[in-house]
>>> print(open('model-v2.cif').read())   # mmCIF, C-alpha atoms
data_entry
#
loop_
_atom_site.group_PDB
_atom_site.id
_atom_site.type_symbol
_atom_site.label_atom_id
_atom_site.label_comp_id
_atom_site.auth_asym_id
_atom_site.auth_seq_id
_atom_site.Cartn_x
_atom_site.Cartn_y
_atom_site.Cartn_z
ATOM 1 C CA MET P 282 43.893 146.972 -72.247
ATOM 2 C CA GLU P 283 44.329 147.736 -75.913
ATOM 3 C CA VAL P 284 41.406 149.497 -77.548
ATOM 4 C CA LYS P 285 41.066 148.654 -81.233
ATOM 5 C CA GLU P 286 38.621 147.949 -84.037
ATOM 6 C CA HIS P 287 36.644 144.687 -84.034
ATOM 7 C CA THR P 288 34.265 143.146 -86.560
ATOM 8 C CA ILE P 289 31.349 141.059 -85.273
ATOM 9 C CA SER P 290 29.274 138.962 -87.680
ATOM 10 C CA LEU P 291 25.832 137.637 -86.832
ATOM 11 C CA LEU P 292 23.407 135.288 -88.520
ATOM 12 C CA VAL P 293 19.843 136.124 -87.467
ATOM 13 C CA HIS P 294 16.269 135.265 -88.340
ATOM 14 C CA ASN P 295 14.881 137.984 -90.607
ATOM 15 C CA LYS P 296 12.417 139.415 -88.010
ATOM 16 C CA PRO P 297 11.497 143.034 -87.164
ATOM 17 C CA ASP P 298 12.779 143.172 -83.572
ATOM 18 C CA VAL P 299 16.186 141.586 -83.889
ATOM 19 C CA LEU P 300 18.218 144.614 -85.037
ATOM 20 C CA ALA P 301 16.890 146.803 -82.196
ATOM 21 C CA ARG P 302 17.946 144.149 -79.658
ATOM 22 C CA ILE P 303 21.398 143.807 -81.204
ATOM 23 C CA ALA P 304 21.969 147.576 -81.350
ATOM 24 C CA GLY P 305 20.783 147.813 -77.731
ATOM 25 C CA THR P 306 23.362 145.219 -76.663
ATOM 26 C CA PHE P 307 26.161 147.469 -77.926
ATOM 27 C CA SER P 308 24.720 150.767 -76.664
ATOM 28 C CA GLY P 309 23.909 149.217 -73.264
ATOM 29 C CA ARG P 310 27.662 148.963 -72.708
ATOM 30 C CA GLY P 311 28.304 152.376 -74.202
ATOM 31 C CA TYR P 312 29.796 150.807 -77.316
ATOM 32 C CA ASN P 313 29.280 152.703 -80.526
ATOM 33 C CA ILE P 314 28.534 150.894 -83.789
ATOM 34 C CA GLU P 315 31.055 152.465 -86.181
ATOM 35 C CA SER P 316 29.543 150.798 -89.226
ATOM 36 C CA ILE P 317 26.957 148.168 -90.007
ATOM 37 C CA SER P 318 26.029 146.176 -93.071
ATOM 38 C CA ALA P 319 23.126 143.745 -93.192
ATOM 39 C CA ASN P 320 21.247 141.923 -95.903
ATOM 40 C CA VAL P 321 19.692 138.534 -96.557
ATOM 41 C CA THR P 322 21.812 135.461 -97.174
ATOM 42 C CA LEU P 323 21.182 132.753 -99.780
ATOM 43 C CA ASP P 324 18.325 131.727 -97.462
ATOM 44 C CA PRO P 325 15.993 134.782 -97.516
ATOM 45 C CA LYS P 326 14.708 133.945 -94.011
ATOM 46 C CA ILE P 327 18.222 134.465 -92.612
ATOM 47 C CA THR P 328 20.066 137.799 -92.521
ATOM 48 C CA LYS P 329 23.808 138.311 -92.060
ATOM 49 C CA ILE P 330 24.801 141.404 -90.083
ATOM 50 C CA ASN P 331 28.364 142.735 -89.865
ATOM 51 C CA ILE P 332 29.121 145.306 -87.191
ATOM 52 C CA VAL P 333 32.366 147.227 -86.690
ATOM 53 C CA THR P 334 32.985 148.627 -83.228
ATOM 54 C CA VAL P 335 35.952 149.938 -81.275
ATOM 55 C CA GLY P 336 36.828 148.670 -77.810
ATOM 56 C CA ASN P 337 38.904 146.330 -75.721
ATOM 57 C CA SER P 338 38.981 142.619 -76.489
ATOM 58 C CA ALA P 339 37.592 141.490 -73.109
ATOM 59 C CA THR P 340 34.420 143.561 -73.531
ATOM 60 C CA ILE P 341 34.015 142.349 -77.116
ATOM 61 C CA VAL P 342 34.033 138.752 -75.843
ATOM 62 C CA GLN P 343 31.257 139.671 -73.377
ATOM 63 C CA ILE P 344 29.215 141.391 -76.097
ATOM 64 C CA GLU P 345 29.649 138.334 -78.338
ATOM 65 C CA LYS P 346 28.320 136.076 -75.539
ATOM 66 C CA GLN P 347 25.344 138.370 -74.912
ATOM 67 C CA LEU P 348 24.524 138.526 -78.632
ATOM 68 C CA LYS P 349 24.485 134.716 -78.889
ATOM 69 C CA LYS P 350 21.755 134.611 -76.215
ATOM 70 C CA LEU P 351 19.372 137.041 -77.964
ATOM 71 C CA VAL P 352 16.102 135.781 -79.395
ATOM 72 C CA ASP P 353 16.348 135.224 -83.186
ATOM 73 C CA VAL P 354 20.157 135.351 -83.168
ATOM 74 C CA ILE P 355 21.384 132.081 -84.696
ATOM 75 C CA ASP P 356 25.085 132.784 -84.243
ATOM 76 C CA ALA P 357 27.456 135.637 -83.437
ATOM 77 C CA PHE P 358 31.198 135.538 -83.864
ATOM 78 C CA HIS P 359 34.193 137.792 -83.655
ATOM 79 C CA VAL P 360 35.752 137.930 -87.130
ATOM 80 C CA LYS P 361 39.496 137.381 -87.101
ATOM 81 C CA SER P 362 41.366 139.254 -89.791
ATOM 82 C CA GLY P 363 43.471 137.101 -92.067
ATOM 83 C CA SER P 364 41.085 134.199 -92.535
ATOM 84 C CA THR P 365 38.316 136.316 -94.044
ATOM 85 C CA ILE P 366 37.694 138.811 -96.815
ATOM 86 C CA GLN P 367 36.422 142.146 -95.439
ATOM 87 C CA ARG P 368 35.595 144.839 -97.954
ATOM 88 C CA GLU P 369 33.752 148.134 -98.132
ATOM 89 C CA MET P 370 32.297 150.191 -100.985
ATOM 90 C CA ILE P 371 32.304 153.955 -101.397
ATOM 91 C CA ILE P 372 30.540 156.173 -103.910
ATOM 92 C CA VAL P 373 31.844 159.738 -104.205
ATOM 93 C CA ARG P 374 31.053 162.847 -106.171
ATOM 94 C CA VAL P 375 34.157 164.749 -107.277
ATOM 95 C CA GLU P 376 33.904 168.173 -108.892
ATOM 96 C CA VAL P 377 36.582 169.055 -111.416
ATOM 97 C CA ALA P 378 37.232 172.066 -113.569
ATOM 98 C CA LYS P 379 37.017 171.459 -117.317
ATOM 99 C CA GLY P 380 40.279 170.231 -118.762
ATOM 100 C CA ASP P 381 41.570 169.267 -115.322
ATOM 101 C CA GLN P 382 40.926 165.551 -115.415
ATOM 102 C CA GLY P 383 44.408 164.274 -114.530
ATOM 103 C CA GLY P 384 43.329 163.767 -110.937
ATOM 104 C CA ILE P 385 40.421 161.567 -111.991
ATOM 105 C CA ILE P 386 42.709 159.459 -114.181
ATOM 106 C CA LYS P 387 45.032 158.930 -111.194
ATOM 107 C CA ALA P 388 42.019 157.926 -109.062
ATOM 108 C CA ILE P 389 41.160 155.297 -111.677
ATOM 109 C CA GLU P 390 44.661 154.027 -112.421
ATOM 110 C CA GLU P 391 46.289 154.151 -108.981
ATOM 111 C CA PHE P 392 43.356 153.644 -106.646
ATOM 112 C CA GLY P 393 41.061 151.481 -108.808
ATOM 113 C CA CYS P 394 38.086 153.869 -108.843
ATOM 114 C CA ARG P 395 35.366 153.145 -111.419
ATOM 115 C CA VAL P 396 33.398 155.900 -113.150
ATOM 116 C CA LEU P 397 29.641 155.460 -112.579
ATOM 117 C CA LYS P 398 28.579 158.763 -114.100
ATOM 118 C CA LYS P 399 30.184 161.796 -115.698
ATOM 119 C CA GLY P 400 28.442 165.140 -115.950
ATOM 120 C CA SER P 401 29.295 168.741 -116.598
ATOM 121 C CA GLY P 402 32.078 169.459 -114.107
ATOM 122 C CA TYR P 403 31.688 166.331 -111.996
ATOM 123 C CA PHE P 404 32.375 162.612 -111.802
ATOM 124 C CA ILE P 405 30.616 159.981 -109.689
ATOM 125 C CA LEU P 406 33.184 157.330 -108.763
ATOM 126 C CA GLU P 407 32.841 153.961 -107.052
ATOM 127 C CA LEU P 408 35.539 152.043 -105.238
ATOM 128 C CA THR P 409 35.661 148.732 -103.374
ATOM 129 C CA GLY P 410 38.528 147.544 -101.223
ATOM 130 C CA ASP P 411 39.590 146.716 -97.703
ATOM 131 C CA LYS P 412 39.417 149.444 -95.062
ATOM 132 C CA SER P 413 42.989 150.545 -95.621
ATOM 133 C CA GLU P 414 42.590 150.794 -99.426
ATOM 134 C CA VAL P 415 39.358 152.756 -99.046
ATOM 135 C CA ASP P 416 40.884 155.100 -96.454
ATOM 136 C CA GLN P 417 43.906 155.788 -98.685
ATOM 137 C CA ALA P 418 41.688 156.502 -101.700
ATOM 138 C CA LEU P 419 39.515 158.853 -99.613
ATOM 139 C CA THR P 420 42.581 160.794 -98.495
ATOM 140 C CA TYR P 421 43.562 161.223 -102.133
ATOM 141 C CA LEU P 422 40.017 162.032 -103.326
ATOM 142 C CA GLY P 423 39.822 164.676 -100.595
ATOM 143 C CA THR P 424 42.569 166.579 -102.400
ATOM 144 C CA LEU P 425 40.572 166.521 -105.665
ATOM 145 C CA GLY P 426 37.382 168.331 -104.697
ATOM 146 C CA MET P 427 35.227 165.532 -103.285
ATOM 147 C CA LYS P 428 31.831 167.052 -102.449
ATOM 148 C CA ASN P 429 29.867 164.062 -101.241
ATOM 149 C CA MET P 430 30.664 160.519 -100.109
ATOM 150 C CA SER P 431 28.621 157.509 -99.117
ATOM 151 C CA ARG P 432 30.315 154.472 -97.534
ATOM 152 C CA SER P 433 28.896 151.004 -96.997
ATOM 153 C CA GLY P 434 29.373 148.970 -93.892
ATOM 154 C CA ARG P 435 31.708 146.011 -94.111
ATOM 155 C CA VAL P 436 30.964 142.933 -96.225
ATOM 156 C CA VAL P 437 32.566 139.815 -94.778
ATOM 157 C CA LEU P 438 33.022 136.436 -96.445
ATOM 158 C CA MET S 280 -2.606 150.331 -100.793
ATOM 159 C CA GLU S 281 0.386 149.147 -102.765
ATOM 160 C CA VAL S 282 3.072 147.412 -100.738
ATOM 161 C CA LYS S 283 6.541 147.930 -102.192
ATOM 162 C CA GLU S 284 10.206 148.486 -101.370
ATOM 163 C CA HIS S 285 11.305 151.834 -99.939
ATOM 164 C CA THR S 286 14.735 153.274 -99.122
ATOM 165 C CA ILE S 287 15.060 155.642 -96.159
ATOM 166 C CA SER S 288 18.284 157.619 -95.639
ATOM 167 C CA LEU S 289 19.207 159.229 -92.336
ATOM 168 C CA LEU S 290 21.967 161.537 -91.182
ATOM 169 C CA VAL S 291 22.632 161.016 -87.474
ATOM 170 C CA HIS S 292 25.102 162.003 -84.795
ATOM 171 C CA ASN S 293 27.577 159.159 -84.327
ATOM 172 C CA LYS S 294 26.334 158.152 -80.832
ATOM 173 C CA PRO S 295 25.799 154.706 -79.253
ATOM 174 C CA ASP S 296 22.013 154.845 -78.754
ATOM 175 C CA VAL S 297 20.815 156.175 -82.072
ATOM 176 C CA LEU S 298 20.710 152.931 -84.075
ATOM 177 C CA ALA S 299 18.673 151.124 -81.412
ATOM 178 C CA ARG S 300 16.089 153.938 -81.443
ATOM 179 C CA ILE S 301 15.900 153.923 -85.244
ATOM 180 C CA ALA S 302 15.533 150.140 -85.428
ATOM 181 C CA GLY S 303 12.860 150.332 -82.717
ATOM 182 C CA THR S 304 10.883 152.854 -84.774
ATOM 183 C CA PHE S 305 10.582 150.332 -87.595
ATOM 184 C CA SER S 306 9.928 147.278 -85.427
ATOM 185 C CA GLY S 307 7.376 149.205 -83.320
ATOM 186 C CA ARG S 308 5.169 149.295 -86.419
ATOM 187 C CA GLY S 309 5.976 145.697 -87.313
ATOM 188 C CA TYR S 310 8.158 146.870 -90.209
ATOM 189 C CA ASN S 311 11.113 144.685 -91.028
ATOM 190 C CA ILE S 312 14.460 146.206 -92.031
ATOM 191 C CA GLU S 313 15.304 144.243 -95.191
ATOM 192 C CA SER S 314 18.808 145.677 -95.405
ATOM 193 C CA ILE S 315 20.859 148.378 -93.722
ATOM 194 C CA SER S 316 24.115 150.108 -94.506
ATOM 195 C CA ALA S 317 25.711 152.688 -92.233
ATOM 196 C CA ASN S 318 29.087 154.343 -91.989
ATOM 197 C CA VAL S 319 30.587 157.733 -91.238
ATOM 198 C CA THR S 320 30.341 160.605 -93.706
ATOM 199 C CA LEU S 321 33.105 163.077 -94.602
ATOM 200 C CA ASP S 322 32.436 164.488 -91.120
ATOM 201 C CA PRO S 323 33.392 161.597 -88.771
ATOM 202 C CA LYS S 324 30.923 162.826 -86.130
ATOM 203 C CA ILE S 325 28.034 162.251 -88.553
ATOM 204 C CA THR S 326 26.892 158.843 -89.809
ATOM 205 C CA LYS S 327 24.730 158.150 -92.849
ATOM 206 C CA ILE S 328 22.328 155.226 -92.528
ATOM 207 C CA ASN S 329 20.412 153.703 -95.450
ATOM 208 C CA ILE S 330 17.541 151.372 -94.645
ATOM 209 C CA VAL S 331 15.488 149.317 -97.101
ATOM 210 C CA THR S 332 12.048 148.227 -95.940
ATOM 211 C CA VAL S 333 8.863 146.941 -97.551
ATOM 212 C CA GLY S 334 5.475 148.502 -96.876
ATOM 213 C CA ASN S 335 2.793 150.899 -97.990
ATOM 214 C CA SER S 336 3.670 154.503 -98.769
ATOM 215 C CA ALA S 337 1.392 156.049 -96.105
ATOM 216 C CA THR S 338 3.105 154.140 -93.290
ATOM 217 C CA ILE S 339 6.538 155.019 -94.692
ATOM 218 C CA VAL S 340 5.610 158.719 -94.482
ATOM 219 C CA GLN S 341 4.658 158.218 -90.814
ATOM 220 C CA ILE S 342 7.913 156.356 -90.070
ATOM 221 C CA GLU S 343 9.883 159.159 -91.778
ATOM 222 C CA LYS S 344 8.146 161.756 -89.552
ATOM 223 C CA GLN S 345 8.828 159.724 -86.404
ATOM 224 C CA LEU S 346 12.495 159.238 -87.355
ATOM 225 C CA LYS S 347 12.985 163.003 -87.818
ATOM 226 C CA LYS S 348 11.878 163.534 -84.190
ATOM 227 C CA LEU S 349 14.367 161.094 -82.644
ATOM 228 C CA VAL S 350 17.227 162.402 -80.525
ATOM 229 C CA ASP S 351 20.493 162.545 -82.524
ATOM 230 C CA VAL S 352 18.714 162.202 -85.877
ATOM 231 C CA ILE S 353 19.699 165.226 -87.986
ATOM 232 C CA ASP S 354 17.546 164.352 -90.980
ATOM 233 C CA ALA S 355 15.568 161.461 -92.425
ATOM 234 C CA PHE S 356 14.223 161.283 -95.941
ATOM 235 C CA HIS S 357 12.511 158.882 -98.271
ATOM 236 C CA VAL S 358 14.850 158.301 -101.223
ATOM 237 C CA LYS S 359 13.131 158.601 -104.580
ATOM 238 C CA SER S 360 14.520 156.356 -107.268
ATOM 239 C CA GLY S 361 15.704 158.146 -110.394
ATOM 240 C CA SER S 362 17.400 161.126 -108.781
ATOM 241 C CA THR S 363 19.879 159.059 -106.793
ATOM 242 C CA ILE S 364 22.464 156.345 -107.255
ATOM 243 C CA GLN S 365 21.645 153.257 -105.183
ATOM 244 C CA ARG S 366 24.081 150.372 -105.322
ATOM 245 C CA GLU S 367 24.895 147.178 -103.453
ATOM 246 C CA MET S 368 27.968 144.955 -103.267
ATOM 247 C CA ILE S 369 28.103 141.167 -103.084
ATOM 248 C CA ILE S 370 31.012 138.828 -102.448
ATOM 249 C CA VAL S 371 30.467 135.175 -103.380
ATOM 250 C CA ARG S 372 32.388 131.941 -103.278
ATOM 251 C CA VAL S 373 31.815 129.750 -106.328
ATOM 252 C CA GLU S 374 33.151 126.209 -106.515
ATOM 253 C CA VAL S 375 34.080 124.923 -109.953
ATOM 254 C CA ALA S 376 35.502 121.686 -111.207
ATOM 255 C CA LYS S 377 38.961 121.911 -112.785
ATOM 256 C CA GLY S 378 38.799 122.784 -116.463
ATOM 257 C CA ASP S 379 35.207 124.016 -116.125
ATOM 258 C CA GLN S 380 35.820 127.754 -115.951
ATOM 259 C CA GLY S 381 33.503 128.882 -118.762
ATOM 260 C CA GLY S 382 30.856 129.819 -116.212
ATOM 261 C CA ILE S 383 33.265 132.070 -114.353
ATOM 262 C CA ILE S 384 34.266 133.803 -117.584
ATOM 263 C CA LYS S 385 30.583 134.485 -118.324
ATOM 264 C CA ALA S 386 30.145 135.889 -114.779
ATOM 265 C CA ILE S 387 33.017 138.290 -115.483
ATOM 266 C CA GLU S 388 32.133 139.272 -119.048
ATOM 267 C CA GLU S 389 28.329 139.390 -118.893
ATOM 268 C CA PHE S 390 27.658 140.309 -115.276
ATOM 269 C CA GLY S 391 30.760 142.367 -114.446
ATOM 270 C CA CYS S 392 32.027 140.180 -111.600
ATOM 271 C CA ARG S 393 35.600 140.797 -110.443
ATOM 272 C CA VAL S 394 37.892 138.006 -109.218
ATOM 273 C CA LEU S 395 39.146 138.726 -105.686
ATOM 274 C CA LYS S 396 40.780 135.354 -105.121
ATOM 275 C CA LYS S 397 41.261 132.092 -106.958
ATOM 276 C CA GLY S 398 42.092 128.868 -105.213
ATOM 277 C CA SER S 399 42.060 125.157 -105.917
ATOM 278 C CA GLY S 400 38.525 124.536 -107.159
ATOM 279 C CA TYR S 401 37.030 127.872 -106.159
ATOM 280 C CA PHE S 402 36.763 131.544 -107.037
ATOM 281 C CA ILE S 403 35.862 134.471 -104.771
ATOM 282 C CA LEU S 404 34.012 137.038 -106.885
ATOM 283 C CA GLU S 405 32.861 140.571 -106.128
ATOM 284 C CA LEU S 406 30.122 142.500 -107.881
ATOM 285 C CA THR S 407 28.617 145.959 -107.471
ATOM 286 C CA GLY S 408 25.452 147.181 -109.139
ATOM 287 C CA ASP S 409 21.906 148.279 -108.549
ATOM 288 C CA LYS S 410 19.493 145.842 -106.937
ATOM 289 C CA SER S 411 18.261 144.473 -110.253
ATOM 290 C CA GLU S 412 21.791 143.882 -111.599
ATOM 291 C CA VAL S 413 22.838 142.163 -108.369
ATOM 292 C CA ASP S 414 19.691 140.008 -108.308
ATOM 293 C CA GLN S 415 20.239 138.917 -111.929
ATOM 294 C CA ALA S 416 23.883 138.046 -111.267
ATOM 295 C CA LEU S 417 22.910 136.055 -108.167
ATOM 296 C CA THR S 418 20.384 134.048 -110.167
ATOM 297 C CA TYR S 419 23.124 133.207 -112.658
ATOM 298 C CA LEU S 420 25.771 132.496 -109.988
ATOM 299 C CA GLY S 421 23.291 130.154 -108.304
ATOM 300 C CA THR S 422 23.495 127.902 -111.379
ATOM 301 C CA LEU S 423 27.322 127.773 -111.095
ATOM 302 C CA GLY S 424 27.825 126.267 -107.662
ATOM 303 C CA MET S 425 27.735 129.313 -105.377
ATOM 304 C CA LYS S 426 28.488 128.088 -101.854
ATOM 305 C CA ASN S 427 28.502 131.307 -99.847
ATOM 306 C CA MET S 428 27.337 134.882 -100.396
ATOM 307 C CA SER S 429 27.583 138.099 -98.422
ATOM 308 C CA ARG S 430 25.586 141.160 -99.500
ATOM 309 C CA SER S 431 25.974 144.756 -98.349
ATOM 310 C CA GLY S 432 23.122 147.055 -97.561
ATOM 311 C CA ARG S 433 22.417 149.830 -100.027
ATOM 312 C CA VAL S 434 24.816 152.708 -100.628
ATOM 313 C CA VAL S 435 22.976 155.860 -101.687
ATOM 314 C CA LEU S 436 24.428 159.035 -103.191
#
>>> encode(input="model-v2.cif", output="structure tokens")
Amino acid sequence: MEVKEHTISLLVHNKPDVLARIAGTFSGRGYNIESISANVTLDPKITKINIVTVGNSATIVQIEKQLKKLVDVIDAFHVKSGSTIQREMIIVRVEVAKGDQGGIIKAIEEFGCRVLKKGSGYFILELTGDKSEVDQALTYLGTLGMKNMSRSGRVVL
Amino acid sequence: MEVKEHTISLLVHNKPDVLARIAGTFSGRGYNIESISANVTLDPKITKINIVTVGNSATIVQIEKQLKKLVDVIDAFHVKSGSTIQREMIIVRVEVAKGDQGGIIKAIEEFGCRVLKKGSGYFILELTGDKSEVDQALTYLGTLGMKNMSRSGRVVL
């Protein structure tokens, strides 16, 4: 069966134990959480959690069913691509020699990076996009002298 | 002792069990994870996790010590504001009556929102900023007819 990336979204009550139970549901089947993003919704008592994992579709359906049964989980659903917006954010530090800023300009113009901070010999850049856009930008930034990178989980609407 | 918001960053081996153990360390002390953001670093075998929690500083120091001792945790540290960049991303759906787009223009010009999609009677907007900028924008967007909102955890560099 085809192994591929899946996004699972959950709405949960904002309680201390719920994340440990959810993470345990994945690890109990040997499934790794590739990325996670969670924060409160418009109702501060309810948190939305987005988890990206890699596996076969049949197991994902079983995980989804198990998640729905957990205490304090209001809903869990497998996010289908196409009908939703799924985006990630990265912040990177790129070191550049003085006078050699053409690469940074390309990062801004071609990849949509935004400059958060500029110091002596370095730039801090931010980018948002879907997974493919972020991956392509990271490949390019890797050629520039990227020294540090922090990547969000996935935000799904 | 003063109860306030704290950000904890961890570098961990990208293994199935590690998130459940980390979440359990917080919930074992009754500490809620307000938001979480985790994704791979430049080394795909290593994941960076950023957790925001609310509590007193003495307990946070104890949690930090416990986290450092967990299997597959490479490092855990309490992020001090000032020396780091800490940003969040939101995606919102705002419904507007035809011809009434002044509010959207203000969201773009004053709060820095970006239009991801525009449909009949609605806009999908994205915003990145620090917690205070995002909170202020959300307060404003709430007056516009915001119907749905998804918020990332915190990205720390």
>>> resolve_selection(input="model-v2.cif", expression="the PyMOL selection byres ((chain S) within 6 of (chain P))", output="PDB file with C-alpha atoms, keeping the file's coordinate frame")
ATOM      1  CA  PRO S 295      25.799 154.706 -79.253  1.00  0.00           C
ATOM      2  CA  ASP S 296      22.013 154.845 -78.754  1.00  0.00           C
ATOM      3  CA  ALA S 299      18.673 151.124 -81.412  1.00  0.00           C
ATOM      4  CA  ALA S 302      15.533 150.140 -85.428  1.00  0.00           C
ATOM      5  CA  GLY S 303      12.860 150.332 -82.717  1.00  0.00           C
ATOM      6  CA  SER S 306       9.928 147.278 -85.427  1.00  0.00           C
ATOM      7  CA  TYR S 310       8.158 146.870 -90.209  1.00  0.00           C
ATOM      8  CA  ASN S 311      11.113 144.685 -91.028  1.00  0.00           C
ATOM      9  CA  SER S 314      18.808 145.677 -95.405  1.00  0.00           C
ATOM     10  CA  ILE S 315      20.859 148.378 -93.722  1.00  0.00           C
ATOM     11  CA  SER S 316      24.115 150.108 -94.506  1.00  0.00           C
ATOM     12  CA  ALA S 317      25.711 152.688 -92.233  1.00  0.00           C
ATOM     13  CA  ASN S 318      29.087 154.343 -91.989  1.00  0.00           C
ATOM     14  CA  ARG S 430      25.586 141.160 -99.500  1.00  0.00           C
ATOM     15  CA  SER S 431      25.974 144.756 -98.349  1.00  0.00           C
ATOM     16  CA  GLY S 432      23.122 147.055 -97.561  1.00  0.00           C
ATOM     17  CA  VAL S 434      24.816 152.708-100.628  1.00  0.00           C
TER      18      VAL S 434
END
>>> atom_distance(input="model-v2.cif", atom1="CA of Gln345 (chain S)", atom2="CA of Lys410 (chain S)")
27.0 Å
>>> closest_residue(input="model-v2.cif", among="S:Ser399, S:Ser288, S:Gln380, S:Thr363", to="Leu423 (chain S)", atoms="only C-alpha atoms")
S:Gln380
>>> residues_around(input="model-v2.cif", residues="region 349-357 of chain P", least_positions_apart="3", cutoff="7 Å", atoms="only C-alpha atoms", output="list in words")
Ile289, Ser290, Leu291, Leu292, Val293, His294, Val299, Glu345 and Lys346 of chain P
>>> resolve_selection(input="model-v2.cif", expression="the PyMOL selection byres ((chain S and resi 285) around 7)", output="list of chain:residue names")
S:Lys283, S:Glu284, S:Thr286, S:Ile287, S:Val331, S:Thr332, S:Val333
>>> closest_residue(input="model-v2.cif", among="P:Val375, P:Lys326, P:Ser362, P:Gln417", to="Val396 (chain P)", atoms="all atoms listed in the file")
P:Val375
>>> atom_distance(input="model-v2.cif", atom1="CA of Leu348 (chain P)", atom2="CA of Lys361 (chain P)")
17.2 Å
>>> atom_distance(input="model-v2.cif", atom1="CA of Gly398 (chain S)", atom2="CA of Arg395 (chain P)")
25.9 Å
>>> residues_near_point(input="model-v2.cif", point="(29.7, 131.0, -117.8)", cutoff="12 Å", atoms="only C-alpha atoms", output="PyMOL selection string")
chain S and resi 373+375+379-392+416+419-424
>>> write_last_selection(input="model-v2.cif", atoms="C-alpha atoms", output="short mmCIF file (atom, residue, chain, number, x, y, z; two decimals), keeping the file's coordinate frame")
data_model
loop_
_atom_site.label_atom_id
_atom_site.label_comp_id
_atom_site.auth_asym_id
_atom_site.auth_seq_id
_atom_site.Cartn_x
_atom_site.Cartn_y
_atom_site.Cartn_z
CA VAL S 373 31.82 129.75 -106.33
CA VAL S 375 34.08 124.92 -109.95
CA ASP S 379 35.21 124.02 -116.12
CA GLN S 380 35.82 127.75 -115.95
CA GLY S 381 33.50 128.88 -118.76
CA GLY S 382 30.86 129.82 -116.21
CA ILE S 383 33.26 132.07 -114.35
CA ILE S 384 34.27 133.80 -117.58
CA LYS S 385 30.58 134.49 -118.32
CA ALA S 386 30.14 135.89 -114.78
CA ILE S 387 33.02 138.29 -115.48
CA GLU S 388 32.13 139.27 -119.05
CA GLU S 389 28.33 139.39 -118.89
CA PHE S 390 27.66 140.31 -115.28
CA GLY S 391 30.76 142.37 -114.45
CA CYS S 392 32.03 140.18 -111.60
CA ALA S 416 23.88 138.05 -111.27
CA TYR S 419 23.12 133.21 -112.66
CA LEU S 420 25.77 132.50 -109.99
CA GLY S 421 23.29 130.15 -108.30
CA THR S 422 23.50 127.90 -111.38
CA LEU S 423 27.32 127.77 -111.10
CA GLY S 424 27.82 126.27 -107.66
#
>>> axis_aligned_box(input="model-v2.cif", around="region 394-408 of chain S", padding_each_side="5 Å", output="JSON")
{"center_x": 33.8, "center_y": 135.9, "center_z": -107.0, "size_x": 26.6, "size_y": 32.6, "size_z": 14.4}
>>> closest_residue(input="model-v2.cif", among="S:Asn335, S:Lys377, S:Val282, S:Ser362", to="Gly400 (chain S)", atoms="all atoms listed in the file")
S:Lys377
